[in-house]
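Text of the file protein33.txt, holding compact mmCIF, C-alpha atoms:
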```
# COMPACT_ATOMS: atom_id res chain seq x y z
CA MET A 8 183.24 244.59 266.58
CA ALA A 9 179.53 243.72 266.92
CA ASP A 10 177.26 245.84 269.07
CA LEU A 11 175.68 244.30 272.14
CA LYS A 12 171.95 243.65 272.24
CA LEU A 13 171.51 246.15 275.07
CA GLY A 14 172.98 249.15 273.23
CA ARG A 15 173.32 252.65 274.70
CA LEU A 16 171.46 253.37 277.93
CA PRO A 17 168.66 255.96 277.96
CA LYS A 18 168.42 258.60 280.68
CA GLN A 19 165.33 258.11 282.90
CA GLY A 20 164.01 258.29 286.47
CA THR A 21 164.68 255.41 288.83
CA VAL A 22 163.24 253.45 291.76
CA ARG A 23 165.51 251.61 294.20
CA ILE A 24 165.02 247.86 294.67
CA THR A 25 167.26 245.30 296.37
CA PHE A 26 167.51 241.64 295.41
CA VAL A 27 169.81 238.67 295.86
CA LEU A 28 171.39 236.77 292.97
CA PRO A 29 173.79 233.82 292.66
CA GLU A 30 177.51 234.61 292.54
CA PRO A 31 178.03 233.08 289.06
CA LEU A 32 175.32 235.34 287.66
CA LYS A 33 176.91 238.40 289.33
CA GLU A 34 180.23 237.47 287.71
CA LYS A 35 178.59 237.19 284.28
CA LEU A 36 176.85 240.53 284.77
CA ASP A 37 180.18 242.13 285.73
CA ARG A 38 181.81 240.75 282.57
CA TYR A 39 178.92 242.01 280.46
CA ALA A 40 179.19 245.47 282.08
CA ALA A 41 182.92 245.53 281.34
CA GLU A 42 182.29 244.73 277.67
CA HIS A 43 179.47 247.28 277.50
CA SER A 44 181.82 249.88 279.01
CA LYS A 45 184.42 249.17 276.32
CA LEU A 46 181.89 249.66 273.51
CA TYR A 47 179.95 252.66 274.83
CA GLU A 48 180.81 254.47 278.05
CA PRO A 49 181.84 253.33 281.54
CA VAL A 50 178.88 251.85 283.41
CA GLU A 51 178.42 249.92 286.64
CA THR A 52 176.81 246.49 286.62
CA ALA A 53 173.90 247.65 288.77
CA THR A 54 173.09 250.34 286.19
CA LEU A 55 172.75 247.74 283.42
CA ILE A 56 170.42 245.35 285.26
CA PRO A 57 167.17 247.37 284.88
CA HIS A 58 167.86 247.83 281.16
CA MET A 59 168.54 244.12 280.75
CA LEU A 60 165.28 243.27 282.52
CA GLU A 61 163.36 245.71 280.35
CA ALA A 62 164.90 244.23 277.18
CA PHE A 63 164.01 240.74 278.38
CA ILE A 64 160.39 241.67 279.04
CA ARG A 65 160.09 243.59 275.76
CA THR A 66 161.25 240.55 273.76
CA ASP A 67 159.29 237.86 275.67
CA ARG A 68 156.66 236.82 273.11
CA GLY A 69 154.68 234.74 275.58
CA TRP A 70 154.31 237.62 277.99
CA ARG A 71 153.42 240.08 275.22
CA GLY A 72 150.69 237.72 273.99
CA ARG A 73 149.22 237.28 277.46
CA ARG A 74 149.36 241.01 278.13
CA LYS A 75 147.66 241.76 274.82
CA ARG A 76 144.84 239.27 275.55
CA THR A 77 144.37 240.72 279.04
CA GLU A 78 144.20 244.25 277.65
CA GLN A 79 141.69 243.16 275.01
CA LEU A 80 139.49 241.57 277.67
CA GLN A 81 139.70 244.67 279.85
CA THR A 82 138.88 246.93 276.91
CA GLY A 83 135.95 244.69 275.95
CA GLN A 84 134.58 244.77 279.50
CA ARG A 85 134.67 248.57 279.52
CA ARG A 86 132.52 248.66 276.39
CA ALA A 87 129.30 247.52 278.04
CA SER A 88 126.20 247.35 275.90
CA PRO A 89 123.82 250.10 277.17
CA THR A 90 120.67 248.12 276.26
CA SER A 91 121.50 244.62 277.45
CA GLY A 92 123.78 245.30 280.41
CA THR A 93 126.32 242.75 279.14
CA THR A 94 129.84 243.51 278.10
CA ARG A 95 131.16 243.00 274.63
CA ALA A 96 133.46 240.26 275.97
CA ASP A 97 130.44 238.47 277.51
CA SER A 98 128.56 238.67 274.20
CA GLU A 99 131.49 237.25 272.24
CA SER A 100 132.12 234.37 274.63
CA SER A 101 128.50 233.24 274.54
CA SER A 102 128.41 233.21 270.72
```
I'd like the structure from this file rewritten - as structure tokens, please.
Amino acid sequence: MADLKLGRLPKQGTVRITFVLPEPLKEKLDRYAAEHSKLYEPVETATLIPHMLEAFIRTDRGWRGRRKRTEQLQTGQRRASPTSGTTRADSESSS
């Protein structure tokens, strides 16, 4: 039997958040949790949701690219040129 994309759940601290979702999605999540429980260990649907969201974000190429560009800009702005008073990002964009 093939493993699920989510795999075993790591142990970590939590923060409580409440949200509303459509009934058909809740039913799909319940079915996924049941299958996950068969393969690994018993788990409630609500326990899986944060891990699913994290896996989604981790594999979203568009978001990773945007985040990387933002971090590069922020890093470039922190490296201000001591003689000119401009940032590295400003220097590169005017070239």
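Relative to atom CA of His58 of chain A, atom CA of Lys45 of chain A is found at 17.3 Å.
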Please identify all polymer residues lying at most 12 Å from the point (164.0, 251.6, 293.1) (file coordinates), using only C-alpha atoms, and present the result as a short mmCIF file (atom, residue, chain, number, x, y, z; two decimals) with C-alpha atoms, keeping the file's coordinate frame.
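Everything below was put into out-v6.cif:
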```cif
data_model
loop_
_atom_site.label_atom_id
_atom_site.label_comp_id
_atom_site.auth_asym_id
_atom_site.auth_seq_id
_atom_site.Cartn_x
_atom_site.Cartn_y
_atom_site.Cartn_z
CA GLY A 20 164.01 258.29 286.47
CA THR A 21 164.68 255.41 288.83
CA VAL A 22 163.24 253.45 291.76
CA ARG A 23 165.51 251.61 294.20
CA ILE A 24 165.02 247.86 294.67
CA THR A 25 167.26 245.30 296.37
CA PHE A 26 167.51 241.64 295.41
CA ALA A 53 173.90 247.65 288.77
CA THR A 54 173.09 250.34 286.19
CA ILE A 56 170.42 245.35 285.26
CA PRO A 57 167.17 247.37 284.88
#
```
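Rounded to one decimal, atom CA of His43 of chain A and atom CA of Pro29 of chain A lie 21.1 Å from each other.
When atom CA of Arg65 of chain A is paired with atom CA of Gln79 of chain A, their separation reads 18.4 Å.
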If we count all atoms listed in the file, what is near segment 9-11 of chain A at a cut-off of 12 Å, once residues fewer than 2 positions away on the same chain are taken out, given as a ChimeraX atom specification? /A:13-16,39-47,59,62
Any chance you could export chain A with C-alpha atoms, as a short mmCIF file (atom, residue, chain, number, x, y, z; two decimals), in the first residue's frame?
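Below is the file that was written, part02.cif:
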```
data_model
loop_
_atom_site.label_atom_id
_atom_site.label_comp_id
_atom_site.auth_asym_id
_atom_site.auth_seq_id
_atom_site.Cartn_x
_atom_site.Cartn_y
_atom_site.Cartn_z
CA MET A 8 0.00 0.00 0.00
CA ALA A 9 1.39 3.44 -0.93
CA ASP A 10 2.23 5.95 1.76
CA LEU A 11 0.27 9.18 1.93
CA LYS A 12 1.94 12.47 1.06
CA LEU A 13 1.50 13.73 4.61
CA GLY A 14 3.41 10.90 6.32
CA ARG A 15 3.94 10.59 10.08
CA LEU A 16 3.15 13.63 12.20
CA PRO A 17 5.94 15.39 14.12
CA LYS A 18 5.53 16.40 17.76
CA GLN A 19 5.50 20.20 18.21
CA GLY A 20 3.91 23.10 20.11
CA THR A 21 0.53 24.40 19.00
CA VAL A 22 -1.61 27.54 18.76
CA ARG A 23 -5.41 27.32 18.73
CA ILE A 24 -7.30 28.81 15.77
CA THR A 25 -10.93 28.40 14.74
CA PHE A 26 -12.22 28.52 11.17
CA VAL A 27 -15.25 27.51 9.14
CA LEU A 28 -15.11 25.14 6.18
CA PRO A 29 -17.67 23.65 3.77
CA GLU A 30 -19.26 20.33 4.75
CA PRO A 31 -17.94 18.45 1.67
CA LEU A 32 -14.40 19.47 2.57
CA LYS A 33 -14.89 18.33 6.18
CA GLU A 34 -16.10 14.95 4.89
CA LYS A 35 -13.01 14.61 2.67
CA LEU A 36 -10.74 15.55 5.56
CA ASP A 37 -12.45 12.93 7.75
CA ARG A 38 -11.88 10.27 5.08
CA TYR A 39 -8.25 11.30 4.74
CA ALA A 40 -7.79 11.14 8.53
CA ALA A 41 -9.33 7.65 8.57
CA GLU A 42 -6.90 6.47 5.89
CA HIS A 43 -3.97 8.14 7.67
CA SER A 44 -5.02 6.39 10.89
CA LYS A 45 -4.98 3.01 9.14
CA LEU A 46 -1.45 3.55 7.81
CA TYR A 47 0.20 5.16 10.83
CA GLU A 48 -1.56 5.71 14.15
CA PRO A 49 -5.04 6.91 15.14
CA VAL A 50 -5.39 10.64 14.58
CA GLU A 51 -8.26 13.12 14.62
CA THR A 52 -9.05 15.21 11.55
CA ALA A 53 -8.32 18.47 13.38
CA THR A 54 -4.82 17.21 14.19
CA LEU A 55 -4.03 16.65 10.50
CA ILE A 56 -5.16 20.05 9.23
CA PRO A 57 -2.12 22.09 10.39
CA HIS A 58 0.24 19.51 8.88
CA MET A 59 -1.69 19.56 5.60
CA LEU A 60 -1.50 23.36 5.50
CA GLU A 61 2.22 23.29 6.21
CA ALA A 62 2.78 20.71 3.44
CA PHE A 63 0.75 22.85 1.04
CA ILE A 64 2.77 25.98 1.81
CA ARG A 65 6.08 24.11 1.66
CA THR A 66 5.30 22.80 -1.84
CA ASP A 67 3.77 26.00 -3.29
CA ARG A 68 6.45 27.10 -5.79
CA GLY A 69 4.85 30.48 -6.44
CA TRP A 70 4.84 31.38 -2.77
CA ARG A 71 8.41 30.13 -2.26
CA GLY A 72 9.58 32.29 -5.17
CA ARG A 73 7.84 35.39 -3.86
CA ARG A 74 9.14 34.79 -0.35
CA LYS A 75 12.68 34.33 -1.65
CA ARG A 76 12.52 37.59 -3.65
CA THR A 77 11.14 39.45 -0.62
CA GLU A 78 13.89 38.09 1.60
CA GLN A 79 16.53 39.05 -0.97
CA LEU A 80 15.17 42.59 -1.12
CA GLN A 81 15.10 42.86 2.66
CA THR A 82 18.65 41.52 2.93
CA GLY A 83 19.82 43.95 0.23
CA GLN A 84 18.22 46.89 2.03
CA ARG A 85 20.01 45.97 5.26
CA ARG A 86 23.36 46.12 3.46
CA ALA A 87 23.46 49.89 3.05
CA SER A 88 26.53 51.39 1.46
CA PRO A 89 28.33 53.41 4.20
CA THR A 90 29.71 55.99 1.73
CA SER A 91 26.73 56.70 -0.51
CA GLY A 92 23.82 56.18 1.87
CA THR A 93 22.02 53.99 -0.70
CA THR A 94 21.15 50.38 -0.25
CA ARG A 95 22.52 47.61 -2.38
CA ALA A 96 19.00 47.01 -3.74
CA ASP A 97 18.74 50.70 -4.75
CA SER A 98 22.11 50.51 -6.52
CA GLU A 99 21.12 47.39 -8.45
CA SER A 100 17.75 48.74 -9.55
CA SER A 101 19.25 51.95 -10.92
CA SER A 102 21.87 50.06 -12.98
#
```
